[in-house]
Amino acid sequence: MWWITAPGSARVRIGAGTFLNMGVMVASQELVEIGENCMLANGCFVSDSSHRYSDPELPVTWQGFESKGPTRIGANCWLGAHVVVTSGVTIGERCVIGAGSVVTRDIESIRSRRAPPRVCCAASSTCSLS
């Protein structure tokens, strides 16, 4: 089972043929887009916002959220188990994100149909770059 939240005017767009495996969570404050024919493995988390925590006098849960802008995942991407995609990030088309990665910056598309997917990993991940 997966979980999607988009309160008020927030939007989540998921392209045709995209597969969200068990435990995937998508949280939108404004806009999260996932392209066509993507695969998100177990436990992935994709969001366009994060909790504010700047006021030490208030509990984090009372401080609301902040966003760096829309979060977008291009078509034909594969996110391994427990990948986290943070606020304002764009992952281009045909990217493979290694299990356990935390994506905090944009990743360029692979434009050529013949080119192999680009594999990206977090520093703590055990996968190798292609």
# chains A, B, ... in the order shown; residues from 1 in each chain; ligands from 1
>>> select_by_dssp(residues="chain A", states="strand (DSSP E)", output="NGL selection string")
:A and (3-5 or 11-14 or 19-20 or 25-27 or 31-34 or 39-40 or 45-47 or 50-51 or 65-66 or 71-73 or 78-79 or 84-85 or 90-91 or 95-97 or 102-103 or 118-120)
>>> closest_atom_pairs(of="stretch 58-94 of chain A", to="stretch 2-21 of chain A", cutoff="10 Å", atoms="only C-alpha atoms", output="CSV")
residue,atom,partner,partner_atom,distance
A:Pro70,CA,A:Arg11,CA,9.8
A:Thr71,CA,A:Val12,CA,9.8
A:Arg72,CA,A:Arg13,CA,9.4
A:Ile73,CA,A:Ile14,CA,9.5
A:Gly74,CA,A:Gly15,CA,9.4
A:Ala75,CA,A:Gly15,CA,7.9
A:Asn76,CA,A:Thr18,CA,8.4
A:Cys77,CA,A:Thr18,CA,9.3
A:Trp78,CA,A:Phe19,CA,9.6
A:Leu79,CA,A:Leu20,CA,9.9
A:Ala81,CA,A:Asn21,CA,9.2
>>> residues_around(residues="A:Ser67", least_positions_apart="5", cutoff="6 Å", atoms="only C-alpha atoms", output="ChimeraX atom specification")
/A:48-49,87
>>> write_last_selection(atoms="C-alpha atoms", output="CSV table (one decimal), in the first residue's frame")
chain,number,residue,atom,x,y,z
A,48,ASP,CA,8.2,19.2,-2.3
A,49,SER,CA,8.4,20.5,1.3
A,87,SER,CA,12.0,19.6,-2.0
>>> closest_residue(among="A:Leu58, A:Ala41, A:Phe65, A:Ser109", to="A:Gln29", atoms="only C-alpha atoms")
A:Phe65
>>> closest_residue(among="A:Ile34, A:Arg94, A:Gly43, A:Thr86", to="A:Met22", atoms="only C-alpha atoms")
A:Gly43
>>> closest_residue(among="A:Met1, A:Ile110, A:Cys44, A:Val89", to="A:Leu31", atoms="only C-alpha atoms")
A:Val89
>>> atom_distance(atom1="atom CA of A:Val103", atom2="atom CA of A:Gly64")
22.2 Å
>>> atom_distance(atom1="atom CA of A:Asp106", atom2="atom CA of A:His51")
20.6 Å
>>> residues_around(residues="A:Val46", least_positions_apart="6", cutoff="7 Å", atoms="only C-alpha atoms", output="compact mmCIF listing (two decimals) with N, CA and C atoms, in the first residue's frame")
# COMPACT_ATOMS: atom_id res chain seq x y z
N MET A 25 5.64 6.86 -0.21
CA MET A 25 4.92 8.02 0.30
C MET A 25 5.23 9.22 -0.58
N VAL A 26 4.18 9.94 -0.98
CA VAL A 26 4.31 11.17 -1.76
C VAL A 26 3.57 12.25 -1.00
N ALA A 27 4.29 13.33 -0.66
CA ALA A 27 3.70 14.43 0.11
C ALA A 27 3.90 15.73 -0.66
N VAL A 84 14.92 8.78 -0.98
CA VAL A 84 14.25 10.01 -0.56
C VAL A 84 14.57 11.09 -1.59
N VAL A 85 13.52 11.76 -2.11
CA VAL A 85 13.69 12.87 -3.05
C VAL A 85 13.17 14.12 -2.34
N THR A 86 14.06 15.11 -2.17
CA THR A 86 13.74 16.27 -1.34
C THR A 86 13.14 17.43 -2.16
>>> decode(residues="stretch 67-82 of chain A", atoms="N, CA and C atoms", output="PDB file, in the first residue's frame")
ATOM      1  N   SER A  67       9.035  25.153   1.360  1.00  0.00           N
ATOM      2  CA  SER A  67       9.282  24.463   0.098  1.00  0.00           C
ATOM      3  C   SER A  67      10.333  25.198  -0.707  1.00  0.00           C
ATOM      4  N   LYS A  68      11.171  24.442  -1.409  1.00  0.00           N
ATOM      5  CA  LYS A  68      12.139  25.014  -2.344  1.00  0.00           C
ATOM      6  C   LYS A  68      11.593  24.979  -3.760  1.00  0.00           C
ATOM      7  N   GLY A  69      10.322  24.633  -3.911  1.00  0.00           N
ATOM      8  CA  GLY A  69       9.687  24.582  -5.218  1.00  0.00           C
ATOM      9  C   GLY A  69       9.225  23.178  -5.552  1.00  0.00           C
ATOM     10  N   PRO A  70       8.641  23.002  -6.736  1.00  0.00           N
ATOM     11  CA  PRO A  70       8.122  21.699  -7.139  1.00  0.00           C
ATOM     12  C   PRO A  70       9.216  20.628  -7.169  1.00  0.00           C
ATOM     13  N   THR A  71       8.814  19.407  -6.933  1.00  0.00           N
ATOM     14  CA  THR A  71       9.696  18.250  -7.057  1.00  0.00           C
ATOM     15  C   THR A  71       9.219  17.460  -8.261  1.00  0.00           C
ATOM     16  N   ARG A  72      10.162  17.154  -9.180  1.00  0.00           N
ATOM     17  CA  ARG A  72       9.783  16.490 -10.432  1.00  0.00           C
ATOM     18  C   ARG A  72      10.683  15.296 -10.704  1.00  0.00           C
ATOM     19  N   ILE A  73      10.069  14.192 -11.117  1.00  0.00           N
ATOM     20  CA  ILE A  73      10.788  12.992 -11.547  1.00  0.00           C
ATOM     21  C   ILE A  73      10.387  12.749 -12.990  1.00  0.00           C
ATOM     22  N   GLY A  74      11.369  12.694 -13.897  1.00  0.00           N
ATOM     23  CA  GLY A  74      11.098  12.520 -15.315  1.00  0.00           C
ATOM     24  C   GLY A  74      10.611  11.120 -15.650  1.00  0.00           C
ATOM     25  N   ALA A  75      10.242  10.921 -16.899  1.00  0.00           N
ATOM     26  CA  ALA A  75       9.725   9.635 -17.375  1.00  0.00           C
ATOM     27  C   ALA A  75      10.816   8.559 -17.348  1.00  0.00           C
ATOM     28  N   ASN A  76      10.379   7.319 -17.201  1.00  0.00           N
ATOM     29  CA  ASN A  76      11.255   6.142 -17.297  1.00  0.00           C
ATOM     30  C   ASN A  76      12.364   6.122 -16.254  1.00  0.00           C
ATOM     31  N   CYS A  77      12.063   6.555 -15.051  1.00  0.00           N
ATOM     32  CA  CYS A  77      13.041   6.518 -13.961  1.00  0.00           C
ATOM     33  C   CYS A  77      12.751   5.344 -13.035  1.00  0.00           C
ATOM     34  N   TRP A  78      13.798   4.862 -12.394  1.00  0.00           N
ATOM     35  CA  TRP A  78      13.665   3.784 -11.417  1.00  0.00           C
ATOM     36  C   TRP A  78      14.343   4.238 -10.137  1.00  0.00           C
ATOM     37  N   LEU A  79      13.575   4.305  -9.059  1.00  0.00           N
ATOM     38  CA  LEU A  79      14.100   4.652  -7.752  1.00  0.00           C
ATOM     39  C   LEU A  79      14.146   3.374  -6.920  1.00  0.00           C
ATOM     40  N   GLY A  80      15.347   3.001  -6.451  1.00  0.00           N
ATOM     41  CA  GLY A  80      15.523   1.806  -5.641  1.00  0.00           C
ATOM     42  C   GLY A  80      14.860   1.962  -4.279  1.00  0.00           C
ATOM     43  N   ALA A  81      14.909   0.900  -3.504  1.00  0.00           N
ATOM     44  CA  ALA A  81      14.248   0.872  -2.197  1.00  0.00           C
ATOM     45  C   ALA A  81      14.729   2.000  -1.283  1.00  0.00           C
ATOM     46  N   HIS A  82      13.773   2.643  -0.626  1.00  0.00           N
ATOM     47  CA  HIS A  82      14.020   3.646   0.416  1.00  0.00           C
ATOM     48  C   HIS A  82      14.750   4.893  -0.077  1.00  0.00           C
TER      49      HIS A  82
END
